[in-house]
Structures are given as structure tokens and as C-alpha cells.
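Engineer: One structure follows; several queries about it will come next.
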Amino acid sequence: MIDLHHAIVLGVLLFAVGLYGALRTTNAVRILMCIELMLNAVNLNFVSFARLAAVSGTAQAAVPGQVFAIFVMTVAAAEVAVGLAIILQIVRQRGVVHIDRINLLKG
Amino acid sequence: MTLLEKTMAAAALPPALLENIWLVPALPLASWVVITFFNRRLGERAAHVGTAAVLGSLVLAVAAFVGLLRIGHPVSSGGHWLTLGPVELRMGFTVDSLGAVMLLVVSIVSAAVHVYSVGYMHGDRRYQRYFGTLSLFTSAMLALVLADNFLLLLISWEVMGLCSYLLIGHWFEQAWPRMASMKAFMTTRVGDVAMMIGIWLLFTQTGTFNIADITRSAAEGHLGPAVITIAAVLLFAGAVGKSAQFPLHVWLPDAMAGPTPVSALIHAATMVAAGVYLVARSYGIFMHSAEAMLTVAVIGGFTALFAATIATVMTDFKKVLAYSTVSQLGYMMLGLGVGGFVAGVFHLVTHAFFKALLFLTSGSVSHAVGTFEIHEMGGLARKMKVTFWTFLAGAAALAGIPPLAGFWSKDEILLAVFGSGYHVLFWMAVATAFLTAYYMTRLTCLVFLGRPRDRHRYEHAHESPLSMTGPLVVLGALAVVAGLPGSAWMGHWLGHFLDFGHTLPGLSAAGHDAAAHAAHGAAGHGAAALVMPIAIGSAVLGILVGYAVYGLRLVRRESLIRAFRPIYTLFKNKYYVDELYQVVFVRPSVRLAEMCGIFDNRVIDGLVNGVGAVTVETSAAAGEFDNIVIDGAVNGLADGTVAAGRQLRRAHTGQVQSYMVALYAGAAVSLLALLWFLL
Amino acid sequence: MDWNLVTPELIVAGTGLAVLVLDLFLSEERRRSAAYLSLAGLLAALVASVRLLAAGLPDGSGAAAAGPGAGLWGGMLVADPFALLVKLLFLGIGLAVIMLSVDFVESRRIAAGEYNALVLFSVLGMMIMAGSRDLIVIYLGLETTAIASYVLAGLLRGDARSGEAALKYFLTGALASAVILFGMSLVFGGTGSTSLTALLAPGFLGLSGAAPVSGPLALAGLVLLVAGFGFKIAAVPFHFWAPDAYEGAPTPVTAFFSVGPKAAAFAVVLRVFAPVLLLGQAGGPPAVLPVLFAGLAVVTMTVGNLVALTQKNIKRMLAYSSIAHAGYMMVGLAVATPQGTAAVIYYLLAYAVTNLGVFAVVIWLNNRGTGDEISDYTGLAGRAPLAAAAMLVCLLSLIGIPPMVGFFGKFYLFMAAVEAGMAWLAVVMVVNSAVSVGYYYGIVRNMYLQDEPAGEAVRATPMVGTALGLTVAAVLALGFLSEPLSHLARLAGGGL
Amino acid sequence: MSFLDGLAALAPTIGFFVLAVIILVSAWMVSHARRITHAAFFMVLVFTGVAGVFVLLGADFLAGGQVLVYVGAIAVMFLFAIMVSDLKEISDAETRARGAGTGSAAAGGTGTRKVWFVLAGLVTVGFAGLVLAALARSGLPAGAVGAAAGPGTTAPIARELFTTFLVPFELASVVLLVAMVGAIVLVAREREEEVE
């Protein structure tokens, strides 16, 4: 048996680890990976909450939560495609993937 | 058509015209549009378009004035404009006696200036733009005078501000006009913001922008005394900016950087008068607050004396006139502030004519000798007869020599101040009258009389063309006679006209009494008999002193200066107000803006560097701590110093990471706010 | 279910696909056709929206089925006056942006078909965002617009700044999406539903009673949504991306960013928060939200204005200016009254129209080789009097000088704040707009009061000229017609 | 109940905690692994772990989708991008340079980076802590659920997806189309230039 609280806390923690990674690394590709982790965490939340709603009586909530998670996956895929394309473009332009060296625009 | 029918038609015209009074500002507005769109095609013919439009407005203004005389009651026109929730806004014009008088003054001065500019600005590279802006300005001023609500008044007010800005900076190739235009714009905006708040305040209290309605609810006691006082003072702040009253007077002398006709039109006769007009127009609000009235009177009186002292030491022809304008505007405010409504408006009218005249003569003189520096002039009376005599008329009118225009109106103001019982203000006003006569005599002597001090310039001097002297003559004549309608000789006709019951809808009976009383009422002939000699005496004394120093040279100017060195320096530097503003407002705000820029750019980096410095400090204090806790590989003080050096070099920005951190830090703070509320 | 109600969306989506297909068959010289097709599609959608709006208005004739609040697919999409009004705005923005970019796209050799299709899909996403009461649909609309925007920012080949703008926008945008999603998951957790209407269950946000799970959870979600949407509307401190993205992106795209996604985000904010904020009767809205919006408003407008003062690049300056305007708009949210909501809608329209005008001038000059520095506008009044005059009108509107439309926007916000008893906020706003005169003035000074360097007259191309003429006319006309517009805004706000 | 029965009943709980540890540690490694390819590998581990949790939560369809989309598509996309371009060399080289403390001046010294990590950590901990605090205050009802919660979820989800959620479903296809067009126009255009 899983206590749903634990699942939700796991979601928050995974989000936090992803966030820390995204803030700490300078490698654009890694940041993108970390963002994917955060989206996964959100999906965990959705599923847990859906389950929680089902457990506490509002059974119809279970499906929307999971459907939302499906759409998040879809968008995540789209985001990764575009993100990698943008990163590749930068790499071709400057030969750099570390974002702290990408700062022509400032001020 | 029989003669009878013609007469009937003529009689029917005024009401129709008064109901379509929008035509008066519309003509110059149309001229502006035409000039703007057919800029290139028109060439110097733009001047004809502008002048024709203003002359048209003048004709209509005269007709409206006559019509109003015949009808005998104010006429409003206009209609529904928009609805704001429960509030319905009207947009309209109204012609009452105050408006009609102002209409006349504005269109006459404006027409004179237009005609004068045709010759004066000839050959200017932005000739069309000049006339276009002048037209727009005239249109805005006419609309302001006719507006029946604060919203239209505010719109016209702002448009005038913009035109003034463009005209002052007309010769923007030079640094001085550029700076001056910016200074004028910024300084007046300080007052404008306060004024807008005042208007909003009145609006929120009464639910209308209509001046008559607001005045009425003030009279009927629907507004609390505190509200009236605050609103009136805020409105007055706008007037202080526009009419160049202390402490926002600094822009006007600098505004002389614009072409001289502009100085005459905007910075002597009309735009600066808008502030005084605003106070007059909302007099029904002011008079219900003794505090506000006193504020107006004190600021006005102080400005009058303050600027007059500066005018005595200026050596630039136009700057003398500019400070004189500031001073005279203060005079008007003083008159209004002590309850002399008619006196203040009367002086506004006469001053418009002779001050426009004086400015235009200064233009004529500089046209001849190529400078405004009065110490390089002298003896010009012989060469420029028309200019000299018209100038003399204007100067005498300003100095208050009977029976010229300025005498009558100044006398009325002095009488009103005397009647109010504020003795200090009265003697300040008398001192101002003395100084005014003194500096005008000084100016006359230095420019027109005596021996030429600059041979070369004198040789080249010549009278100006007819297009310039013509307006001078017209205005000169007005400077002589414009005071008569308000004078005792004509039984204070102007006073009765302005009073004729409807100028200030909602003005309480007490208000009427106060105005009438101050002008020529219960204080009686005793006061008049006392005040008039004082007025004449101070003016004559001023002229005598001035003539003694500058005409007869009984006292050498240099020794005078030496004797009064500290005061002279203080006056000469205009009491250091500009310097004060520079130190107190301008520099700090520039610095603040820069700091904010730096802050925003580098907030995170700065934080990083700051934290970094702290880290280095800490590690210096406890090298072990650095080794164990923060870093496994690095190494004490030396490395820390190097790191600090790098950090300093690395003060660059644009780090996307810092953006992301800010994003989540912001989200965290928002959550913190939530928890705060949940607890 | 009435398919009529989604015709604008269907037209835009169809046009987007058609443009992509058409592009395959077009020769290099005829690439402009893609733009023409897009314009036609947007125009058709605009007409359809106007018809729907007219039919849905209370005094409109017939079409009762299209009445206010008509929902489709169980509220997944709604076609109420608010949705239709902002859709009109979005379509107008789309039209203007495509008109402004035709020459730009051609001269910079940007792939025309993809460019136009991306703009169209982005507009589609915006329309969807505004027209839904369901979190899933809102999220998807948001992402459609966002992903298209990331790509649009990076479209300039070989321009390192463009690529950098895209990367920064993307990385921060993706993180902001994560916050939004996290917030949505909490809202879902709190209400057990993805529909916004669930938030309004009686007594729910009053933190008691019949809530399926709990109030604070959903409230925490809403607070995170404030942060996430704060990013989209470039509110301080979520604004850092905006100046970089604006400066680096192709100029027509910058014009689009400054009004399009921002307006859409505001529309969503209104959708999500207006009903919650207006819970006035039932014990008032959760106190944290107005406070949060008020704080954001003050910080945003102040920082935006102050930093704008120090800018030298006009696109960057406009970015900060746009941040400041977002701050003004949030005043309307902070007051939490129907008047405030209507004022935000009105301001949104006013700002979008005006800012498009400014960008039209910038693009006009940019196409003719003028740079993006404010100093490049020196003496413009001599070289291009019309451009300078148009710019002047728009800047005056941005400052808020009557009778331009911008004045009424500020006016309504101001009134709303005063009426709601938040006069201090109104005062902050007035002081801020006084500060803003400083930097707008800088441009005016350069245009009108600096000696013109020798340069020949700059003429506009027909497309840019038309777009500029239309926007300037709107700036002036909407000022005079502000009443019908504000009426519409009130009507739209009332149906939220 | 015998010991073994108890163990069986406990299995999901144990499984959950094992998965949780795997997920969190792998997630940590995504940003800390030396090589970018290793980071991608740890990312896949996280995805798989999350799919496992989905199964434990009774979302079997979603678990399948998770494996397909994340592991099958997204992770592969990452690896593909890393491998085909010189991303791997560049990013590994830079990471090495930094790790050895010899990064360029622009990349900053080690000290700064440490400070940076602290700042990022503070923000993260603050954010997560506050979210958890809000969760704690919201009084979620306790709910312990078993793995097998009724029939599978595939059928109801499919039904809903094509009825109630038709609009978002169609919209998702637009999102994918936009991403496709965008990725192509950004990456493939250089070849287009070569052709011209």
C-alpha cells in the first residue's frame, strides 16, 4: 500500500531536484533534461491527485488528471524538439553550449 | 433684401455664432492640419494660411463678443461625449463674459504675432513648421478659454505645453534652446501632475468635469472644506507651473531661447496667462477656501517681488522682460488671491497687450542690432522711431503711468490688496510697482537713449519692415487705451461686464461682494484716494531713480554695483534656484535612474559578487571551513583573492541562469505571501 | 454544439495548414503569396468573429444560440463576448504583424511559408487560450503560442543575437511552463477538476465547506499561476527574458511579442483570476491575490520605467516600456472590481494598438537601413515627417496624453483604482507615467529637436504604410470612440 | 496472516520507496554526471522509475505512455542530438575544463560557481519548502491505495480522450505540428542555403 501523501511529496521532491539541476548547470542540454524531470514531477502530481480524488469520492476526477498528464507528455516532446533545435543552432553559430558564455544581449 | 431684413439677419447671427463657437478654435486647427499636410507644397505661403486663419478667428471673436453683449447671458454648446459607468461626460464650449474677453485678447495678440512673424521668421529653414505649430498653439489656447469642462481644458493645456516645447526648441541646432525646451516641458509637468490629481479629486467628489457644475456644488456646500482646499491648491499647482510662479518659475526666463514672436505670444501674453485664467475660471472653487486664496495671494505676491528684483540686474533684453512677466503674473495671482477677481482678470488683459508689445519691440531691436545684450545698445531711439515710441508706450503702461493700460489695472490690484488688510502683501506690491518702473526706465535708457555703446552695431541699425512695425503700432495703441474699459473714467465698465452675473455660475453672493468690494466698493473713495497716490508715487519714484542712474548718470552704475555687491550677486544669479534644483532634483534623479538600471541588470550578479565577497571574507577568517564545507579542492586565502579578482572582472550580465533564479525566487516569495495570509 | 462558434479558429488553423502546403509549390519569387493567403485567412476570421460578436450582443439581432457564454464541448471552448473581443484583438494583431513583416521577411531571406504559418498558429494558440475555461485547453493554447514564439525569435539566419534570444526565451519559458503546470496540478489537486468553474464552487476559496479536497492547495496553485503568467506578461521579477528576447528577435517578431503573447497571457489571467477576484459577495476574494497583484503592479511599473530611462536601443527600451505597461494593467487586477476588469480589457486594446504603431515606424525605418539605436532617430522629422508624426502620436498615446486612446486606458484604470479605494495605487501609477515621459521624450527630442543628418527622404512600402496608417488611425479614432469600446470592455468583463 | 503474506502486502510500499530513491538519485545525477551521455542515461532511469510509480498508482495506461513517449521518443531525441552533432565533444570538453578549475575567464572562477550553487540551492529549497508547507496546511485526506485499483484505465481514458477532450486532443496535434515546423526551419535551413 502506498500512502498518497508520499507520492505527492515525491513529486515535489523530484520537481525540486530538477529545478536545482536546471538552475545549477550551465549546459543548455542538461538544463533541458532537468526541465523534463520537472515535467515528470508534475505528471506524478497529476496522477497522485487524480488517485486521491478517486479515493476521496470524486471518482470522475481520476480520468482528467491522467489525460492532463498525457497532454503534458505530448507538449514535453514538442518542447524538447524545438529546444534541441535551438541549441543546435547556437552550437553551429558559436560552438558553445554553456549558457554563461551566451550573453551578447544584456543590460 | 431690405435694410430691415439685413439688420434682422445680423441680429440673428450672434446666437448662431455663439452656439457654434467651436469655429473659433477650429479655424487655426484646420490651418495646422493644412500646413502639416501640404508642408512642402506651401512653402512660405504657409504663413498666409496661418495668418488668415487667425484673422478669421479674430473676426469671429469680435462678433462673438458683440453677440454676447447683445444677448446678455452666457451661451453653452456641445454634447454628449462618452459614458463612464454612471457618469456621463459632456464635451462642450461656453461663452461667458470672462471667456469672451479672453477670446478677444488671445485672438488679437495672436493675430499680431502671426503678422509680425511673417517678416521676422522670413528665410527660416523650418518656416512652415513654425507657422503650423503656432496655429496649433493658438487653437489650443482658444479652446482652453472656451472649455466648459476641466477635461477639455486639460487637453488644450497639454497641447499648448507640447507646442510651447516645440516652439522654444525651434532652433534646436543650438544647445541653449534644446535645453530650454526640455526644461520648460519638465518643469511645467511637475505642476501638471498635481493639477491632474486636483481635477480627478474634484471629479471623484462631484462626478462631473463641468466647471459650472463643480462650482455650483462647491457653492451649495456639497464639497467638504478640506476637499475644496486640497483641490484648489492642486489646481493652483498647475497654474504655478504654467504661469511660472515661484518655485516653478525657472523655465520661463530660459524659454526666451525660442524665436521672439513666440516669447511674445506664449511666454508673455497667452500661455502663461492660462495659469491665471485657470484660477479665474475656477474662482468659484477657490473662494470657498480661505487657505487656498491665501496660498494664491502669498505665492503671487512673493513671486511678484522676487522676480522684479531679478529683473533689475538682467542684461539681456528679453530676460528683463521675462522676469518682468513672471513678476506681473505674480501680481495677477496676488490680485485674485485677495479677492480681487476683476482686478486680476483686468490686469491679465492689459498686461497681455503691452507685454506682447514689449517683446515684439525687443525682437525688432534685435533684428536691427543683432543682439539682445542691452549693454551693447544705446541711442537707438534716433534710428528706430516707430519701435521706440511703441516701446515707450508699452514701458509706460507696464510702469503704471496714468492713463495708460497698466496704470488702471495695477491700481485695481493695489486697491484690492489694500482692502484685504494684508499689509505686508500691500507693501510688497508697492515695492514691486517701484521696481517695475525702475527696471523699465533702466531698460529704456540703456537701449534707446544715451550714446551708442557699440558703434558698429549702431551703424547697422535700421527700422524694421512694415509687417513688423504694423503690429507694434496696433499693440501700442492698445497699450494706451486698453485700460480704459476698466477705468473709473468709463465707470468700471469691464468690472460690471465681468460681473454681469454669469461669469462664475454658482459664485455666491458673498463672492460677488468680495470682488466688488475690493474693486470699488465699501472701502470707498477713502481707500482709493490713499492707494492711487501711492501707486503713482511709487511708479514715478521708480522712474526718477532709474533715470537718475541710467539716464543722467548721477550715480555710476559700477559704484552702485559695488555698494550692493552681495545683493547684486544674489539677484544676478537668480537666487541660485536653478543651482538648487540641479543639486536637489536633477542629479539625484539621474543617478537614481542609473542605479536602477545597474540594479536591474546586475541584481543577481551583484548578489553573487556580494555573496562571493562574503564567502571570501569568511574563508579568510577560517580557511578550514572553506576547505571542508564549501569546496573539496580549493584552498585558502590566496585562491579566494584570485577568485574575487575574477569576480570583479566578471561583472558582465545577460546570464540566463540569473533570469531563471529570479523566476523561481519570485514564485517562492509569492508562496511566502500566501502562507503569510494563511497563518 | 454549434460549429459556427468556432469558425474563426477553424479558419485560422486551416489557413495555417494551407500556407504550409502552398509554400511547397511556390517559386522563390512568389513567396509573398504566403503572406497574402495568411492575410486573407485572418481577414476572413476577423469578419467571422465580428459577426459572432454582433450576433451575441444583447442588442444584436437573432442568433440566440451564440449568446454570451455559449460553451462548446462542455465548456472546453467558450464564445462569450470576452473571448470574441480579445479574438478580434488577436486577429488584428496577426494582420498587422504579417503586413509589417512582408518586406522584412523577404529582405532577410526568412523562410516565408514557415514564418507565416508559425504566426498563424501562434495566433490560433492565443485565440484558444482566451476562449476556454478548462486548464488543459489553456495549457495547450499557451504552449502552441510559446513554442511558435521560441522559433520565431530565432529565425534570423546567421544572427547570433537572434539565436541567443531564442535560447534565452526558450529556457526561461520552459521553466515558466513548469511553474504553470505545477500550479495547475495543485489547482487540480485542490478542486478535483480541470475546469475553472470548479474554483467558484460556493465557499470553496473561502477555505471552508464543500471543497472536494481543500482550499489552500488550490490557492497555492493559483499563486504559482500568478508567477507563471507573470513570466508571460513580463512582470518584474519574472521579466528578465523580455529585453533580451525583444532585442535579439527579428523586429516584426518583436512587435508581435510585445503585444500578442502578452495580450493573450493577460486574457488568460483575466479568465482565471477575474472570477476569483470578483468573489466579492461571498466574503471577498482570497486576500493574498489582490495584494500579490498590487505588489507586482507597483514593482513592475517602477522597475520598467526606471530601467527604460537608461536604455539606448529602441527595441530594448520598448521592452522595458512594455514591462511598465504590464504593471499599469495589473492595477486593474489588484483592485478586484468589475470596473478594474473592464479597465484592463480596455487598456489591453489601447496598448496593443498603440505599440503596434510604434513598431510599424521602427520596422519601416529598419527596412530602410536605419539602425535600432535611439540615436538613429535623430532628425527623423526632416527625413520622414510622416513617420515622425505617426511615432509622435503613438508615443503621446503611450504617455497617456488626451485625446489619444492611451489616455483613456490610463483614465479607466485610474478611476477603477480610486473607486475601489486604492487611491495610493492610482497615485503610484500617475507618478510612474510622469517618469515614463522621460524616455518617450528622448525619442521625440531626437526626431524633432536634433539637427537632421544629411539623408534622403525615407518612404514606406505599401504594406508597412497601410499597417501604420491603420494603427495610427485607430489610436486617434479609438480615443474619440472610447465610449463604445469601453462599453464593449465592460460587457466582456461582465461575462467572465 | 503469515510473515510472507505480510511481506506481500508490504511489497508495493517497499517498491515505492525503492523507486523513489532511484528516481531522486538519478535525477540528481542528471545535473551532476560528468559526461552528457551519462546524464541522458540517468534521465532515462528517472523516466522509467516514474513509470513504475504510475503502475503502483494504478495508472497503467499512463505508465505505458510514459515509457513510449519519454524513453522511446524524448530520450532518443536527446541522444540523437547529442550524437549527430559535436554537442558531446563540446559540452564534455567544457565540463572537464570547469571541473579542473581552468575554465575561461568568462566562465568564471570556481569560487563564483560555488556561490552560484548555494544561491540556486537556496531558491530551490525555499520553493520546495514553501510548497510543502502549503500542502501541509491544506489538510489532504489520507489515502492509501493498492496497486490493483479496479479494472484498467485504458478504456475510460480512450473514451474520454475522443469525446470530452476532443478539443485538446486536436490542439495537441497543432502543438506537435508547430514543433515539427519549427525544428525543421531552425535546423534544416542550412542545407537549404547550400542548395541555393
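Each chain of the C-alpha cells is named A, B, ... in the order shown, its residues numbered from 1; ligands are numbered from 1 in display order.
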For Phe246 (chain B), please output as an MDAnalysis selection string all residues within 12 Å (counting only C-alpha atoms; exclusion window: fewer than 3 positions along the same chain).
Structural biologist: chainID B and resid 187:188 191 236:237 239:243 249:252 295:296 298:307 323 326:327 329:330 333 574:575 577:578
Engineer: Can I get the residues of chain C within 6 Å of chain A, each with the closest pair of atoms and their distance in Å to one decimal, using only C-alpha atoms, sorted chain first then ascending number, as CSV?
Structural biologist:
```
residue,atom,partner,partner_atom,distance
C:Gly163,CA,A:Ile90,CA,5.9
C:Phe182,CA,A:Val42,CA,5.6
C:Ser185,CA,A:Phe46,CA,5.6
C:Gly189,CA,A:Phe49,CA,5.0
C:Gly192,CA,A:Ala61,CA,5.5
C:Ser193,CA,A:Ala61,CA,6.0
C:Asp244,CA,A:Leu105,CA,5.5
```
Engineer: Write out the residues from the selection above, keeping all heavy atoms, as a compact mmCIF listing (two decimals), in the first residue's frame.
Structural biologist:
```txt
# COMPACT_ATOMS: atom_id res chain seq x y z
N GLY C 163 19.66 33.93 -32.38
CA GLY C 163 19.74 32.61 -31.77
C GLY C 163 19.76 32.70 -30.25
O GLY C 163 19.10 31.95 -29.54
N PHE C 182 2.92 23.15 -12.62
CA PHE C 182 2.91 22.76 -11.21
C PHE C 182 1.73 23.42 -10.52
O PHE C 182 0.99 22.76 -9.75
CB PHE C 182 4.23 23.21 -10.55
CG PHE C 182 4.53 22.49 -9.28
CD1 PHE C 182 5.13 21.26 -9.31
CD2 PHE C 182 4.20 23.04 -8.06
CE1 PHE C 182 5.41 20.57 -8.14
CE2 PHE C 182 4.47 22.37 -6.89
CZ PHE C 182 5.07 21.13 -6.92
N SER C 185 -1.36 21.69 -11.48
CA SER C 185 -1.55 20.41 -10.80
C SER C 185 -2.08 20.63 -9.39
O SER C 185 -2.92 19.86 -8.90
CB SER C 185 -0.24 19.62 -10.79
OG SER C 185 0.63 20.11 -9.80
N GLY C 189 -5.45 19.41 -7.95
CA GLY C 189 -5.49 18.66 -6.70
C GLY C 189 -6.48 19.26 -5.73
O GLY C 189 -7.17 18.55 -5.00
N GLY C 192 -10.14 18.98 -7.80
CA GLY C 192 -10.54 17.71 -8.38
C GLY C 192 -11.09 17.87 -9.79
O GLY C 192 -11.76 16.98 -10.30
N SER C 193 -10.84 18.98 -10.40
CA SER C 193 -11.36 19.19 -11.74
C SER C 193 -10.41 20.08 -12.51
O SER C 193 -9.68 20.88 -11.93
CB SER C 193 -12.75 19.83 -11.67
OG SER C 193 -13.08 20.39 -12.92
N ASP C 244 15.98 40.86 -23.56
CA ASP C 244 16.88 40.11 -24.43
C ASP C 244 16.14 39.56 -25.64
O ASP C 244 16.61 39.65 -26.76
CB ASP C 244 17.52 38.95 -23.64
CG ASP C 244 18.54 39.47 -22.64
OD1 ASP C 244 18.71 40.69 -22.58
OD2 ASP C 244 19.15 38.65 -21.93
```
Engineer: Please identify which residues in region 285-494 of chain C DSSP calls alpha helix (DSSP H) from the backbone, and express them as a PyMOL selection string.
Structural biologist: chain C and resi 288-308+314-334+338-367+380-383+385-399+405-419+423-448+462-480+482-494
Engineer: With 6 Å as the cut-off and only C-alpha atoms counted, what is the closest atom pair between each nearby residue of chain D and chain C? Distances in Å to one decimal, ordered by chain and number, as JSON lines.
Structural biologist:
```
{"residue": "D:Ser138", "atom": "CA", "partner": "C:Pro216", "partner_atom": "CA", "distance": 5.0}
{"residue": "D:Pro168", "atom": "CA", "partner": "C:Val137", "partner_atom": "CA", "distance": 5.4}
{"residue": "D:Val175", "atom": "CA", "partner": "C:Thr144", "partner_atom": "CA", "distance": 5.1}
{"residue": "D:Gly182", "atom": "CA", "partner": "C:Val151", "partner_atom": "CA", "distance": 5.5}
```
Engineer: Within region 32-267 of chain C, find each residue whose DSSP state, derived from the backbone, is strand (DSSP E or B), and express the selection as a count of residues only.
Structural biologist: 6
Engineer: Can you tell me, as a VMD selection string, what residues are no more than 10 Å from Leu10 (chain A) when counting only C-alpha atoms, ignoring any on the same chain fewer than 6 positions away?
Structural biologist: (chain A and resid 4 16 41 44 to 45) or (chain D and resid 16 to 17 20 to 21 23 to 24 53)
Engineer: With only C-alpha atoms as the basis for distance, which of A:Met73, A:Val96, A:Ile2, A:Gln66 is at the shortest distance from Thr26 (chain A)?
Structural biologist: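 Closest to Thr26 (chain A) of all the choices is A:Val96.
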Engineer: In Å, with one decimal, what is the gap from CA of Phe240 (chain C) to CA of Leu175 (chain C)?
Structural biologist: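 According to the coordinates, CA of Phe240 (chain C) and CA of Leu175 (chain C) are separated by 13.0 Å.
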Engineer: Using 6 Å as the limit and counting only C-alpha atoms, can you tabulate each residue of chain C that touches chain B, with its shortest atom-to-atom distance in Å and the two atoms involved, as a Markdown table?
Structural biologist:
```
| residue | atom | partner | partner_atom | distance |
| --- | --- | --- | --- | --- |
| C:Lys168 | CA | B:Val656 | CA | 6.0 |
| C:Thr172 | CA | B:Met660 | CA | 5.8 |
| C:Ala227 | CA | B:Ala667 | CA | 5.2 |
| C:Phe238 | CA | B:Leu663 | CA | 4.9 |
| C:Phe240 | CA | B:Tyr659 | CA | 5.4 |
| C:Val288 | CA | B:Leu674 | CA | 5.7 |
| C:Leu306 | CA | B:Ala593 | CA | 5.4 |
| C:Val307 | CA | B:Gly597 | CA | 4.7 |
| C:Pro402 | CA | B:Ile155 | CA | 5.8 |
| C:Leu449 | CA | B:Phe172 | CA | 5.1 |
| C:Gln450 | CA | B:Phe172 | CA | 6.0 |
| C:Asp451 | CA | B:Glu173 | CA | 5.6 |
| C:Glu483 | CA | B:Leu82 | CA | 4.9 |
```
Engineer: With only C-alpha atoms as the atoms that count, which of B:Ser364, B:Ser139, B:Thr270, B:Ser282 lies nearest to Ile199 (chain B)?
Structural biologist: B:Ser282
Engineer: Show which residues sit within 12 Å of Ala39 (chain D), as a ChimeraX atom specification. Count only C-alpha atoms, and ignore same-chain residues fewer than 3 positions away.
Structural biologist: /A:21,25,27,29-34,37 /D:25-36,42-46,75,78-79,82,88,91-92
Engineer: Go ahead and compute the interatomic distance for CA of Pro74 (chain B) and CA of Arg281 (chain B), in Å to one decimal.
Structural biologist: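 Straight-line distance from CA of Pro74 (chain B) to CA of Arg281 (chain B) works out to 13.9 Å.
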Engineer: Can you tell me which residues surround Leu496 (chain C) at a distance of at most 8 Å, considering only C-alpha atoms, apart from same-chain residues fewer than 5 positions away, and format the answer as a PyMOL selection string?
Structural biologist: chain C and resi 82+270-271+274-275
